[in-house]
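K.L.:
Take this structure first; my questions come after.
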Amino acid sequence: MNLERAKSIILIILVGTSIFLTWSIWTYEPEYEYQSDELIRIKSDVQIVSDVIKPVSILFHSNGQHFQTSDPVEIDKMEKEFSQWRFTGVKELSMKRLQMKFDDFVHEEGSVEIEFSDDVPISLYKTVLDISDKELPGFSFDRIIIKQKDISGNESAVYFVSYEQEKIYQSMVSTKRLKDFMDDFYNDSHKKYPEYTAQTINGKRTLFVPKNSIEINRLQYYIDYFDIGNLKNALFNDPKYVRQESVSGGEEYTDGTRLMTIDKENYMISYINPEQKSKLFGSSSDLLGKSIDFINDHAGWEDSNYRFAYMSENEQRVVFRLFVNGYPAFNDYGMTEIEQIWGKEEIYSYERPYFSLSSVLPSEGSVATLRSGREVLNQLKSKESIDFKSVEDISVGYKLNKSLDSKLVTLVTLEPTWYYRIGDKWFIVPFDEESGGDQSGLE
C-alpha cells in the first residue's frame with residue numbers, strides 16, 4: 001500500500017467518525033429527568049379526583065364510646081385500603097326495611113363512619129373505587145359506613161349514606177377485606193384516637209366533639225405568589241385585547257365584557273363574565289368534575305392542600321377549601337377558598353387566592369390549648385343569638401391571618417380556633433372572654 005492510498009483511507013475514517021459523532025450529538029437524549037421549573041409546576045398542579053375529594057375524618061363507635069381522627073396520615077392509610085376493595089351490587093335501601101331511625105343506623109354501635117365534607121356524586125367517585133356494576137343508580141353520599149355486625153360469610157355490606165338526604169345505598173365487599181380493615185383500624189381505635197362525645201341537636205342530627213381539651217400548634221408560613229399572567233391567559237378568550245388598569249388596592253383586567261380584579265391587600269383574584277349569568281343545570285357529577293378540570297387546565301392548584309368542601313347544584317357553585325394538617329382553614333376575605341359559579345356555557349364567577357403556603361417557620365412555644373367539645377357545646381347553647389338546633393357541624397379549624405415580618409416579607413399565621421356551621425356558612429365559636437367572638441360568616 002503506497003503512502004497516498006494510506007492517507008486516503010485515514011481521511012475516509014476521520015470523516016466517517018466525524019459524521020457519526022455529529023449524528024450522535026444531534027440525536028442524544030439524556031436519561032435523567034428534565035427538571036424545568038415550568039414542567040414541575042404543571043405536574044404538581046394537576047389534581048385527580050382522589051387528590052381533591054378526600055375524607056375529612058373517620059369516626060369509630062366502639063363499646064359505647066366514640067373515637068375520631070382527622071390525621072391525614074391515618075386517613076391516607078384507610079383510603080388506600082378501601083380504594084382496593086371491589087364493590088358489587090349497589091342498591092338503595094329503604095328505612096322501612098331497616099326498621100330503625102336513620103340517625104341510629106348511621107351512628108350504630110360497632111360501626112365506622114368515613115366522612116366527607118359534603119355530598120359526593122358516586123358517578124364521579126367511582127374513579128377512586130373499584131365498582132364492578134356496569135350500571136349504577138344516580139346518588140350522592142357524604143359518608144361510607146362499615147358495620148361490625150354485618151361482617152359475615154364471603155361478602156359483607158358496606159353502606160354509602162347521604163346524611164342530608166337521609167338516603168342509604170348498600171354494596172357488597174369481600175368479608176376478608178373488611179375484617180382486615182377492622183383489625184387494622186377499628187379494634188384498637190380506643191387506644192389510637194381521641195375520644196369524642198355525642199350531642200343530639202334537634203332529634204335528627206347528632207354531632208361528635210372531642211371529650212377533652214385539644215393541644216394544637218399555631219403555624220406561620222412564608223407565602224409564594226403565582227403568575228397573574230397565566231390566569232389572564234386562561235380566563236380571557238383573546239388576551240391581547242385585554243386592558244389593564246390600576247385601581248385602589250389593586251388592578252383590573254377587562255376585554256370589555258369579562259372583568260378580572262386583583263385585590264393586592266388580601267392576595268385575591270375575582271373574575272366575572274356577565275354573559276354567563278344564566279345557568280345550565282347539569283348533574284352534580286358534571287358540575288364537580290368540570291370544576292376540578294377547570295383548575296387543572298390553568299395549573300391553578302398551587303397548593304396540593306385544597307379539598308372539595310361544598311357544592312350547590314341550584315347555584316351551580318363549587319367550593320374547595322385549604323386544609324392544613326387535616327384541619328380546615330378559614331378567613332374573612334376568602335383567602336382559604338377557591339370558589340366557582342358556572343354559567344350556561346362556561347365559568348360565570350371565579351374567586352380565589354393567588355398565593356400558596358411556601359415554608360413553615362419554626363413554631364417553638366406556639367402550642368394552643370383549645371377547650372373541650374363539651375365546653376363548646378355549652379357555649380353555643382348559652383348564646384341567644386345562635387339557633388343551636390340549626391347547627392350542622394362543629395370543628396377545630398385554622399383562622400388564617402396575614403402579617404409582615406421585620407424584612408417586609410409577607411407571612412400568614414394559622415391560629416387554631418373552634419368553628420361551627422349553619423347551612424354553608426362557618427362561624428367562630430364565641431367565648432365570653434373574647435367579647436362575643438367573630439360572628440362573620442365564612443363560606
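How things are named: the first chain in the C-alpha cells is A, the next is B, and so on; residues count from 1 in each chain; ligands count from 1 in the order shown.
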Taking the chain letters and numbering used in this document, name the residues of range 343-434 of chain A that DSSP puts in alpha helix (DSSP H), as a list in words.
P.N.:
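DSSP-assigned alpha helix (DSSP H) residues in range 343-434 of chain A: Gly373, Arg374, Glu375, Val376, Leu377, Asn378, Gln379, Leu380, Lys381 and Ser382 of chain A.
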K.L.:
I'd like the neighbourhood of Glu108 in chain A as a list of chain:residue names, where a residue qualifies if any of its atoms comes within 12 Å (using only C-alpha atoms), though same-chain residues fewer than 2 positions away should be ignored.
P.N.:
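My reading of the contact set: A:Leu59, A:Phe60, A:His61, A:Ser62, A:Asn63, A:Gly64, A:Gln65, A:His66, A:Met100, A:Lys101, A:Phe102, A:Asp103, A:Asp104, A:Phe105, A:Val106, A:Gly110, A:Ser111, A:Val112, A:Glu113, A:Ile145, A:Ile146, A:Lys147, A:Gln148, A:Lys149, A:Asp150, A:Thr206.
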K.L.:
Just write the chosen residues, N, CA, C and O atoms, as a CSV table (one decimal), in the first residue's frame.
P.N.:
```csv
chain,number,residue,atom,x,y,z
A,59,LEU,N,-64.8,8.2,62.0
A,59,LEU,CA,-65.4,8.1,63.3
A,59,LEU,C,-65.7,6.6,63.7
A,59,LEU,O,-66.3,5.9,62.9
A,60,PHE,N,-65.3,6.2,64.9
A,60,PHE,CA,-65.4,4.8,65.3
A,60,PHE,C,-66.4,4.8,66.5
A,60,PHE,O,-66.2,5.5,67.5
A,61,HIS,N,-67.4,3.9,66.5
A,61,HIS,CA,-68.3,3.7,67.6
A,61,HIS,C,-68.0,2.3,68.2
A,61,HIS,O,-68.3,1.3,67.6
A,62,SER,N,-67.4,2.3,69.4
A,62,SER,CA,-66.9,1.1,70.0
A,62,SER,C,-67.1,1.0,71.5
A,62,SER,O,-66.8,1.9,72.2
A,63,ASN,N,-67.8,0.0,71.9
A,63,ASN,CA,-68.1,-0.3,73.4
A,63,ASN,C,-68.8,0.9,74.0
A,63,ASN,O,-68.4,1.3,75.2
A,64,GLY,N,-69.7,1.5,73.4
A,64,GLY,CA,-70.5,2.7,73.9
A,64,GLY,C,-69.7,4.0,73.9
A,64,GLY,O,-70.2,5.0,74.5
A,65,GLN,N,-68.5,4.0,73.3
A,65,GLN,CA,-67.7,5.2,73.2
A,65,GLN,C,-67.5,5.6,71.7
A,65,GLN,O,-67.8,4.8,70.8
A,66,HIS,N,-67.0,6.8,71.5
A,66,HIS,CA,-66.8,7.3,70.2
A,66,HIS,C,-65.3,7.8,70.0
A,66,HIS,O,-64.9,8.5,70.9
A,100,MET,N,-85.4,1.0,61.8
A,100,MET,CA,-84.8,1.8,62.8
A,100,MET,C,-84.7,3.2,62.3
A,100,MET,O,-84.8,3.5,61.1
A,101,LYS,N,-84.5,4.1,63.2
A,101,LYS,CA,-84.3,5.5,62.8
A,101,LYS,C,-83.0,5.7,62.1
A,101,LYS,O,-82.0,5.1,62.3
A,102,PHE,N,-83.1,6.7,61.1
A,102,PHE,CA,-81.9,7.0,60.3
A,102,PHE,C,-80.7,7.3,61.1
A,102,PHE,O,-79.6,6.7,60.9
A,103,ASP,N,-80.8,8.2,62.1
A,103,ASP,CA,-79.6,8.6,62.8
A,103,ASP,C,-79.1,7.5,63.7
A,103,ASP,O,-77.9,7.3,63.8
A,104,ASP,N,-80.0,6.6,64.1
A,104,ASP,CA,-79.5,5.4,64.9
A,104,ASP,C,-78.7,4.5,64.0
A,104,ASP,O,-77.7,3.8,64.4
A,105,PHE,N,-79.2,4.3,62.7
A,105,PHE,CA,-78.5,3.5,61.8
A,105,PHE,C,-77.1,4.0,61.5
A,105,PHE,O,-76.1,3.3,61.5
A,106,VAL,N,-77.0,5.3,61.3
A,106,VAL,CA,-75.7,5.9,60.9
A,106,VAL,C,-74.7,5.8,62.0
A,106,VAL,O,-73.5,5.4,61.7
A,110,GLY,N,-70.6,-0.3,67.1
A,110,GLY,CA,-69.8,-1.3,66.3
A,110,GLY,C,-69.6,-0.9,64.8
A,110,GLY,O,-69.3,-1.7,64.0
A,111,SER,N,-69.8,0.4,64.5
A,111,SER,CA,-69.6,0.9,63.1
A,111,SER,C,-68.5,1.9,63.0
A,111,SER,O,-68.0,2.5,63.9
A,112,VAL,N,-68.1,2.1,61.7
A,112,VAL,CA,-67.1,3.0,61.3
A,112,VAL,C,-67.7,4.0,60.3
A,112,VAL,O,-68.3,3.5,59.3
A,113,GLU,N,-67.5,5.3,60.5
A,113,GLU,CA,-68.0,6.3,59.5
A,113,GLU,C,-66.8,7.0,58.9
A,113,GLU,O,-66.0,7.6,59.6
A,145,ILE,N,-70.1,3.7,55.4
A,145,ILE,CA,-70.2,3.1,56.7
A,145,ILE,C,-70.0,1.6,56.7
A,145,ILE,O,-70.5,0.9,55.8
A,146,ILE,N,-69.2,1.1,57.6
A,146,ILE,CA,-69.0,-0.3,57.8
A,146,ILE,C,-69.5,-0.7,59.2
A,146,ILE,O,-69.2,0.0,60.2
A,147,LYS,N,-70.2,-1.8,59.2
A,147,LYS,CA,-70.8,-2.2,60.5
A,147,LYS,C,-70.3,-3.6,60.9
A,147,LYS,O,-70.3,-4.5,60.1
A,148,GLN,N,-69.7,-3.7,62.1
A,148,GLN,CA,-69.1,-4.9,62.5
A,148,GLN,C,-70.1,-6.1,62.5
A,148,GLN,O,-69.8,-7.2,62.2
A,149,LYS,N,-71.4,-5.8,62.9
A,149,LYS,CA,-72.4,-6.9,62.9
A,149,LYS,C,-72.7,-7.5,61.6
A,149,LYS,O,-73.3,-8.6,61.5
A,150,ASP,N,-72.4,-6.7,60.5
A,150,ASP,CA,-72.8,-7.2,59.1
A,150,ASP,C,-71.7,-8.0,58.5
A,150,ASP,O,-71.8,-8.5,57.4
A,206,THR,N,-77.0,14.2,65.1
A,206,THR,CA,-76.0,14.0,66.2
A,206,THR,C,-74.7,14.5,65.8
A,206,THR,O,-74.1,14.1,64.7
```
K.L.:
If we count only C-alpha atoms and set the cut-off at 9 Å, which residues sit around Pro194 in chain A, ignoring sequence neighbours fewer than 6 positions away in its own chain? Please answer as a list in words.
P.N.:
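Residues meeting the cut-off are His66, Phe67, Gln68, Thr69, Pro210, Lys211 and Asn212 of chain A.
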K.L.:
Quick one, how far is CA of Pro328 in chain A from CA of Lys399 in chain A?
P.N.:
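We find that CA of Pro328 in chain A and CA of Lys399 in chain A lie 8.9 Å from each other.
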K.L.:
Of the candidates A:Asn325, A:Tyr354, A:Gln316, A:Ser140, which shows the shortest atom-to-atom distance to Val73 in chain A, using only C-alpha atoms?
P.N.:
A:Asn325
K.L.:
Smallest atom-to-atom distance to Ser382 in chain A: which of A:Val360, A:Val429, A:Ile262, A:Val90, using only C-alpha atoms?
P.N.:
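Selected residue with least distance to Ser382 in chain A: A:Val429.
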K.L.:
I want to know what sits within 10 Å of Phe160 in chain A, based on only C-alpha atoms, with residues of the same chain fewer than 6 positions away left out; could you give that as a list in words?
P.N.:
Val90, Lys91, Glu92, Glu113, Ile114, Ile122, Phe139, Ser140, Phe141, Asp142, Arg143, Ile144, Ile145, Ile146, Lys167, Ile168, Tyr169, Gln170 and Ser171 of chain A
K.L.:
Please give the complete set of residues from range 206-434 of chain A that DSSP, run on the backbone, assigns to strand (DSSP E), formatted as number ranges by chain.
P.N.:
A: 206-210, 214-217, 219-225, 243-247, 250-254, 259-263, 268-272, 306-312, 317-324, 327-330, 337-342, 347-353, 355-360, 367-370, 393-404, 410-422, 425-428
K.L.:
Given only C-alpha atoms, how would the per-residue table for range 160-205 of chain A near range 371-377 of chain A read, listing every residue at most 12 Å away with its closest atom pair and distance in Å to one decimal, sorted by chain and number, as CSV?
P.N.:
```
residue,atom,partner,partner_atom,distance
A:Pro194,CA,A:Ser372,CA,11.5
A:Glu195,CA,A:Gly373,CA,10.5
A:Tyr196,CA,A:Gly373,CA,8.0
A:Thr197,CA,A:Arg374,CA,7.6
A:Ala198,CA,A:Arg374,CA,9.2
A:Gln199,CA,A:Leu377,CA,8.2
A:Thr200,CA,A:Leu377,CA,10.7
A:Ile201,CA,A:Leu377,CA,10.0
```
K.L.:
Residues as selected, C-alpha atoms, written as a CSV table (one decimal), in the first residue's frame, can you do that?
P.N.:
```csv
chain,number,residue,atom,x,y,z
A,194,PRO,CA,-59.1,10.8,70.8
A,195,GLU,CA,-62.4,10.1,72.5
A,196,TYR,CA,-65.4,12.1,71.3
A,197,THR,CA,-68.7,12.8,73.0
A,198,ALA,CA,-72.1,12.7,71.2
A,199,GLN,CA,-74.7,15.5,71.2
A,200,THR,CA,-78.1,15.2,69.6
A,201,ILE,CA,-79.0,18.6,68.1
```
K.L.:
Which residues are near Glu79 in chain A? Cut-off 8 Å, only C-alpha atoms, ignore same chain within fewer than 4 positions. Put them as a VMD selection string.
P.N.:
chain A and resid 55 75 83
K.L.:
Report as a list of chain:residue names all protein, DNA and RNA residues lying within 9 Å of Leu400 in chain A, evaluated on only C-alpha atoms, omitting residues in the same chain fewer than 6 positions from it.
P.N.:
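Counting only C-alpha atoms, the residues come to A:Ala329, A:Phe330, A:Asn331, A:Asp332, A:Met335, A:Thr336, A:Val412, A:Thr413, A:Leu414, A:Glu415.
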K.L.:
Rank nothing, just name the residue among A:Ser284, A:Asn217, A:Asn273, A:Ser117 nearest to Thr369 in chain A, using only C-alpha atoms.
P.N.:
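Ranked by minimum distance to Thr369 in chain A, first place goes to A:Asn217.
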K.L.:
Distance CA of Val367 in chain A-CA of Phe427 in chain A, one decimal place?
P.N.:
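One can read the CA of Val367 in chain A to CA of Phe427 in chain A distance as 22.4 Å.
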K.L.:
When distances are computed from only C-alpha atoms, which of A:Ser213, A:Thr417, A:Ser356, A:Ser246 shows the smallest separation from Tyr398 in chain A?
P.N.:
A:Thr417
K.L.:
Can you pull out the residues contacting Gly289 in chain A? Cut-off 12 Å, using only C-alpha atoms, and skip same-chain residues under 2 positions away; I want them as a PyMOL selection string.
P.N.:
chain A and resi 47-50+52-53+120-125+127+282-287+291-296+308+311+318
K.L.:
Can you build me a table of range 305-408 of chain A residues sitting at most 10 Å from range 221-237 of chain A, with the closest atom pair per residue and its distance in Å to one decimal, using only C-alpha atoms, sorted by chain and residue number, as CSV?
P.N.:
```
residue,atom,partner,partner_atom,distance
A:Ile347,CA,A:Leu235,CA,8.8
A:Tyr350,CA,A:Leu235,CA,9.5
A:Pro353,CA,A:Tyr225,CA,9.2
A:Tyr354,CA,A:Phe226,CA,5.9
A:Phe355,CA,A:Tyr225,CA,4.3
A:Ser356,CA,A:Asp224,CA,5.3
A:Leu357,CA,A:Ile223,CA,4.7
A:Ser358,CA,A:Ile223,CA,4.8
A:Ser359,CA,A:Tyr222,CA,5.4
A:Val360,CA,A:Tyr221,CA,4.3
A:Leu361,CA,A:Tyr221,CA,5.8
A:Pro362,CA,A:Tyr221,CA,9.3
A:Lys402,CA,A:Tyr221,CA,9.5
A:Ser403,CA,A:Tyr222,CA,9.9
A:Leu404,CA,A:Tyr222,CA,9.6
A:Asp405,CA,A:Tyr222,CA,9.6
```
K.L.:
When you draw a straight line from CA of Met172 in chain A to CA of Thr88 in chain A, how long is it in Å?
P.N.:
5.2 Å
K.L.:
Measuring atom to atom with only C-alpha atoms, identify which of A:Thr261, A:Gln379, A:Gln84, A:Ser57 is nearest to Phe116 in chain A.
P.N.:
A:Ser57
